[in-house]
Structures are given as C-alpha cells and as structure tokens.
Amino acid sequence: RHRAVGCATENKGYIGLGHVNGSGVDISYKDWWEYDPSSDSWSQKANFPMNNHGATSFVVNDQPCVGGGSALNGEFYTFDPNQNTWTPIASCPFFNPGDTQGFSVNNKGYVYFGTNMAEYDPSSNSWMLKATTPITFGSWTCSFTIEGSGYVKAGNKLYEYKPEHNTWTQRANFPGSSTGGSYGFSIQQRGFITCGYVGGLSTVTRQVWSFYPGNNSWQLELEFPGTSRRFPVAFAIHNRGYFGTGTNGINLNDFWQYNPTINTADLSENLENQWRIYPNPSTDFIDVELPTEFPSGQIGEVRNLTGQVIQRIELYAGLTRIDLSSLTSGTYFFSLQQQGKQVSKMFKIL
C-alpha cells in the first residue's frame with residue numbers, strides 16, 4: 001500500500017491505513033499493525049475507526065495520534081497500546097491535515113497545511129494555532145524532530161520550527177533529488193529523508209540524506225538498497241530507522257531497518273572538511289584533494305541528481321584529477337566511500 005501512516009512510541013512502531021489504486025479501483029484500509037523490534041515481528045491491533053489514507057500522525061504521552069486524511073475533516077483519534085483501543089480526541093478546528101507528516105516536540109503534537117500550523121496539547125485536549133508558516137506547505141511534505149525543534153521539508157526547502165519561541169527559520173536547502181513524497185525520521189541528532197518522487201510521480205528515487213543542524217548541512221548517506229519508491233512510511237526506535245510500504249506504480253509491503261553506525265554515527269563531524277573538490281563550478285574536470293592520512297585505493301563516485309552513478313574512480317592521497325568532459329551541463333555529486341561511510345559534495349558543470 002501507499003499513503004499509509006507510520007509512527008513510533010518508545011519501544012514499538014506502528015503502520016496502518018493507506019490505500020491501493022493501481023488497478024483503477026481506490027481501496028482504502030483501516031487496519032493497524034504494531035512492530036516489535038526486539039523480536040522482529042508484527043501483530044495486528046484494533047482497526048482504526050474508519051478506512052482512510054493520507055492521514056497525519058504524531059505521538060504524545062507515548063501514544064500514537066492519527067487523524068485528517070481522505071476520510072476525516074480534522075478529527076483525530078489516539079491509540080492506547082495497553083488497552084488496544086482507539087479514542088477520539090479534540091478535532092483540529094483550523095484545517096484538515098492530509099498527506100503531510102506531523103511531528104512531536106516536548107509531548108505536544110504539530111500538524112500543518114497551507115500556511116497554518118496547529119499545536120495539540122494532550123494535557124488540555126485542545127488545539128492552538130501557531131505562527132504562520134513561511135511558505136505554503138502543500139501535499140506530500142515530510143518532517144522530523146531533533147531535540148526541541150521540528151523540521152519540515154517542502155520541495156527543496158527546509159524550515160525549522162522552534163515551539164519555545166514560536167518561530168520559523170529557513171535552513172540549508174535540501175540538495176537531493178526528491179521533490180516530494182518522502183518520509184522523515186531522526187536518529188542521534190540527525191534528521192533523515194528517505195526516497196520520494198522527483199518532479200512528478202513517474203520518477204522515484206532511493207536516496208537517503210541526513211541533515212545535521214549543528215552545522216546546517218546535508219549529507220548523502222547511501223542509496224536505499226531496496227526498490228525506489230514514493231509515499232512510504234518511516235520511524236525510528238532505539239537509534240535504528242525503520243522504513244517500508246510505498247509505491248513506484250506497484251504497491252509495496254517490504255520493511256527495512258537502517259543502522260546509522262554504518263554511516264553517520266561513526267562519522268567524524270569534520271570528515272567533510274578533510275577533503276575538497278575544485279574548481280567548482282567546472283567545465284571539464286575536477287580535482288579531488290585528499291589528506292595524506294586517507295588510505296589510497298578508495299573509490300569515489302560521480303552521481304547525477306537522480307542518484308545514478310556516472311563514474312567510479314580510484315582515489316589516492318593528494319590530488320586526483322577526474323575528466324568530466326563527457327558530462328552535460330548541470331548539477332552533480334561526488335561521493336567518497338570509506339569503510340561503509342559515505343559523504344558527498346555537490347558541484348556544477350557549466
């Protein structure tokens with residue numbers, strides 16, 4: 001299925017709802033499933049109150065809250081894992097969120113659509129309209145939470161919302177190929193954006209990017225090893241990412257775990273600053289400069305914006321010149337791989 005909803009409590013993950021429409025018949029679902037990472041197993045839980053797709057979720061009091069979407073008009077329900085029951089909570093009175101990913105900060109839930117964002121406070125079971133969003137958030141945006149801030153990706157723009165100050169701040173533009181239909185999660189002070197569509201629904205990507213707010217930078221982590229897709233769901237439990245469902249024209253039900261220690265957690269924050277590429281922009285070549293402590297024989301990759309590998313080059317300490325005269329004008333990435341880690345830099349060919 002695709003356009004399902006996914007979220008995680010402290011120890012369990014949840015996926016449900018969504019629809020299939022590949023055959024021309026739109027079938028929405030209301031089933032609700034709990035994932036236990038300790039046993040790598042699924043168990044079916046009480047159905048959501050109605051069939052729905054494109055819903056929005058967040059977690060407060062360690063309980064999933066799900067609402068909006070195709071079948072509702074701002075109504076929300078909370079799921080109690082201990083009682084296996086759904087209970088209505090206050091409806092969002094300002095707008096009906098749908099096909100957007102909500103987030104939680106300091107045990108309050110946040111949903112957004114258009115230029116509005118609303119905060120749900122479980123202590124009073126009430127909603128409050130917050131600061132107007134800096135741009136119009138359309139469908140198929142995604143979000144993640146890092147410490148006391150929520151981050152929303154819309155197209156190639158990233159905005160940080162600080163509930164403490166009720167302010168929005170634009171952060172570094174998203175450099176990946178996905179323009180929408182991605183899903184976000186966060187691990188160890190980094191936000192991750194997975195897959196999505198590129199420009200239109202017909203082209204999908206498998207790129208996985210991370211954002212580090214400490215230096216306001218993005219990093220291409222790797223390509224998702226499964227099928228590229230749009231409209232998946234993802235969440236994080238115990239410093240692992242979990243990812244599945246979605247569609248590339250064919251509805252998918254596979255499920256994956258992402259271990260950041262292979263990529264980001266072991267990666268020095270200064271690694272990106274230990275090597276450089278120039279000239280940038282270029283016309284027909286780039287020089288890759290590696291410090292002397294980098295072992296020879298590393299493989300570098302030139303990729304286009306869809307993530308396709310154009311060239312693979314064996315690198316050596318010092319300078320390695322790479323002939324790019326066969327490339328057309330545009331934006332590319334050069335990626336270094338070392339012991340399972342990957343960092344990338346963007347460059348342009350004029």
# chains A, B, ... in the order shown; residues from 1 in each chain; ligands from 1
$ residues_around --residues "range 32-39 of chain A" --least-positions-apart "6" --cutoff "10 Å" --atoms "only C-alpha atoms" --output "list in words"
Val5, Gly6, Cys7, Ala8, Asn11, Lys12, Gly13, Tyr14, Ile15, Gly16, Leu17, Lys45, Ala46, Asn47, Phe48, Phe79, Pro81, Ile237, His238, Arg240, Tyr242 and Gln257 of chain A
$ closest_atom_pairs --of "range 233-292 of chain A" --to "range 87-102 of chain A" --cutoff "12 Å" --atoms "only C-alpha atoms" --output "CSV"
residue,atom,partner,partner_atom,distance
A:Val233,CA,A:Gln101,CA,9.4
A:Ala234,CA,A:Gln101,CA,10.2
A:Phe235,CA,A:Gln101,CA,11.1
$ residues_around --residues "range 310-322 of chain A" --least-positions-apart "2" --cutoff "12 Å" --atoms "only C-alpha atoms" --output "ChimeraX atom specification"
/A:274-279,282-308,324-328,332-338
$ closest_atom_pairs --of "range 65-130 of chain A" --to "range 143-157 of chain A" --cutoff "12 Å" --atoms "only C-alpha atoms" --output "tab-separated table"
residue	atom	partner	partner_atom	distance
A:Asp99	CA	A:Ser143	CA	11.6
A:Thr100	CA	A:Ser143	CA	8.3
A:Gln101	CA	A:Ser143	CA	5.8
A:Gly102	CA	A:Ser143	CA	6.8
A:Phe103	CA	A:Phe144	CA	6.3
A:Ser104	CA	A:Thr145	CA	6.9
A:Val105	CA	A:Gly148	CA	6.0
A:Asn106	CA	A:Gly148	CA	6.9
A:Asn107	CA	A:Gly148	CA	10.4
A:Lys108	CA	A:Gly148	CA	10.9
A:Gly109	CA	A:Gly150	CA	10.2
A:Tyr110	CA	A:Gly150	CA	8.6
A:Val111	CA	A:Ser143	CA	10.1
A:Tyr112	CA	A:Val152	CA	9.5
A:Phe113	CA	A:Ala154	CA	11.1
A:Gly114	CA	A:Ala154	CA	11.1
A:Met117	CA	A:Val152	CA	11.3
A:Glu119	CA	A:Gly150	CA	11.8
$ select_by_dssp --residues "range 159-332 of chain A" --states "helix (DSSP H, G or I)" --output "ChimeraX atom specification"
/A:260-262,271-274
$ residues_around --residues "Asn116 in chain A" --least-positions-apart "4" --cutoff "8 Å" --atoms "only C-alpha atoms" --output "list in words"
Phe95, Tyr112, Leu129, Lys130, Ala131, Thr132 and Thr133 of chain A
$ closest_atom_pairs --of "range 170-210 of chain A" --to "range 224-229 of chain A" --cutoff "12 Å" --atoms "only C-alpha atoms" --output "JSON lines"
{"residue": "A:Ser178", "atom": "CA", "partner": "A:Arg229", "partner_atom": "CA", "distance": 10.4}
{"residue": "A:Gly180", "atom": "CA", "partner": "A:Arg229", "partner_atom": "CA", "distance": 11.0}
{"residue": "A:Gly181", "atom": "CA", "partner": "A:Arg229", "partner_atom": "CA", "distance": 8.6}
{"residue": "A:Ser182", "atom": "CA", "partner": "A:Arg229", "partner_atom": "CA", "distance": 8.6}
{"residue": "A:Tyr183", "atom": "CA", "partner": "A:Arg229", "partner_atom": "CA", "distance": 10.7}
{"residue": "A:Phe192", "atom": "CA", "partner": "A:Phe224", "partner_atom": "CA", "distance": 11.9}
{"residue": "A:Ile193", "atom": "CA", "partner": "A:Phe224", "partner_atom": "CA", "distance": 10.9}
{"residue": "A:Thr194", "atom": "CA", "partner": "A:Phe224", "partner_atom": "CA", "distance": 7.8}
{"residue": "A:Cys195", "atom": "CA", "partner": "A:Arg229", "partner_atom": "CA", "distance": 6.0}
{"residue": "A:Gly196", "atom": "CA", "partner": "A:Arg229", "partner_atom": "CA", "distance": 5.9}
{"residue": "A:Tyr197", "atom": "CA", "partner": "A:Arg229", "partner_atom": "CA", "distance": 7.1}
{"residue": "A:Val198", "atom": "CA", "partner": "A:Arg229", "partner_atom": "CA", "distance": 10.2}
{"residue": "A:Leu201", "atom": "CA", "partner": "A:Arg229", "partner_atom": "CA", "distance": 9.6}
{"residue": "A:Ser202", "atom": "CA", "partner": "A:Arg229", "partner_atom": "CA", "distance": 9.9}
{"residue": "A:Thr203", "atom": "CA", "partner": "A:Arg229", "partner_atom": "CA", "distance": 8.6}
{"residue": "A:Val204", "atom": "CA", "partner": "A:Arg229", "partner_atom": "CA", "distance": 5.4}
{"residue": "A:Thr205", "atom": "CA", "partner": "A:Ser228", "partner_atom": "CA", "distance": 5.1}
{"residue": "A:Arg206", "atom": "CA", "partner": "A:Ser228", "partner_atom": "CA", "distance": 4.5}
{"residue": "A:Gln207", "atom": "CA", "partner": "A:Phe224", "partner_atom": "CA", "distance": 6.0}
{"residue": "A:Val208", "atom": "CA", "partner": "A:Phe224", "partner_atom": "CA", "distance": 6.3}
{"residue": "A:Trp209", "atom": "CA", "partner": "A:Phe224", "partner_atom": "CA", "distance": 10.1}
$ atom_distance --atom1 "CA of Phe243 in chain A" --atom2 "CA of Ser210 in chain A"
14.8 Å
$ select_by_dssp --residues "range 218-326 of chain A" --states "strand (DSSP E)" --output "count of residues only"
48
$ closest_residue --among "A:Phe231, A:Thr261, A:Gly249, A:Glu160" --to "Asn216 in chain A" --atoms "only C-alpha atoms"
A:Glu160
$ atom_distance --atom1 "CA of Ala4 in chain A" --atom2 "CA of Tyr212 in chain A"
27.1 Å
$ atom_distance --atom1 "CA of Gly138 in chain A" --atom2 "CA of Arg3 in chain A"
14.9 Å
$ residues_around --residues "Asn239 in chain A" --least-positions-apart "3" --cutoff "9 Å" --atoms "only C-alpha atoms" --output "compact mmCIF listing (two decimals) with C-alpha atoms, in the first residue's frame"
# COMPACT_ATOMS: atom_id res chain seq x y z
CA SER A 186 15.56 11.28 13.26
CA ILE A 187 18.41 9.43 14.98
CA GLN A 188 21.23 10.79 17.13
CA ALA A 236 12.93 5.39 14.47
CA ASN A 259 21.66 1.18 11.07
CA PRO A 260 23.28 4.63 11.20
$ residues_around --residues "Gly330 in chain A" --least-positions-apart "6" --cutoff "10 Å" --atoms "only C-alpha atoms" --output "PyMOL selection string"
chain A and resi 281+304-305+347-350
$ decode --residues "range 90-106 of chain A" --atoms "C-alpha atoms" --output "mmCIF file, in the first residue's frame"
data_model
loop_
_atom_site.group_PDB
_atom_site.id
_atom_site.type_symbol
_atom_site.label_atom_id
_atom_site.label_comp_id
_atom_site.auth_asym_id
_atom_site.auth_seq_id
_atom_site.Cartn_x
_atom_site.Cartn_y
_atom_site.Cartn_z
ATOM 1 C CA ALA A 90 -10.334 17.049 20.122
ATOM 2 C CA SER A 91 -10.639 17.748 16.400
ATOM 3 C CA CYS A 92 -8.261 20.217 14.784
ATOM 4 C CA PRO A 93 -10.610 23.206 14.283
ATOM 5 C CA PHE A 94 -8.462 25.175 11.864
ATOM 6 C CA PHE A 95 -7.866 22.868 8.883
ATOM 7 C CA ASN A 96 -7.864 19.235 7.842
ATOM 8 C CA PRO A 97 -4.279 17.929 7.633
ATOM 9 C CA GLY A 98 -3.618 15.358 4.964
ATOM 10 C CA ASP A 99 -0.682 13.913 3.020
ATOM 11 C CA THR A 100 1.677 15.704 5.390
ATOM 12 C CA GLN A 101 3.822 14.182 8.131
ATOM 13 C CA GLY A 102 3.150 15.540 11.617
ATOM 14 C CA PHE A 103 5.760 15.745 14.364
ATOM 15 C CA SER A 104 6.034 15.920 18.144
ATOM 16 C CA VAL A 105 8.107 18.191 20.373
ATOM 17 C CA ASN A 106 8.077 18.175 24.181
#
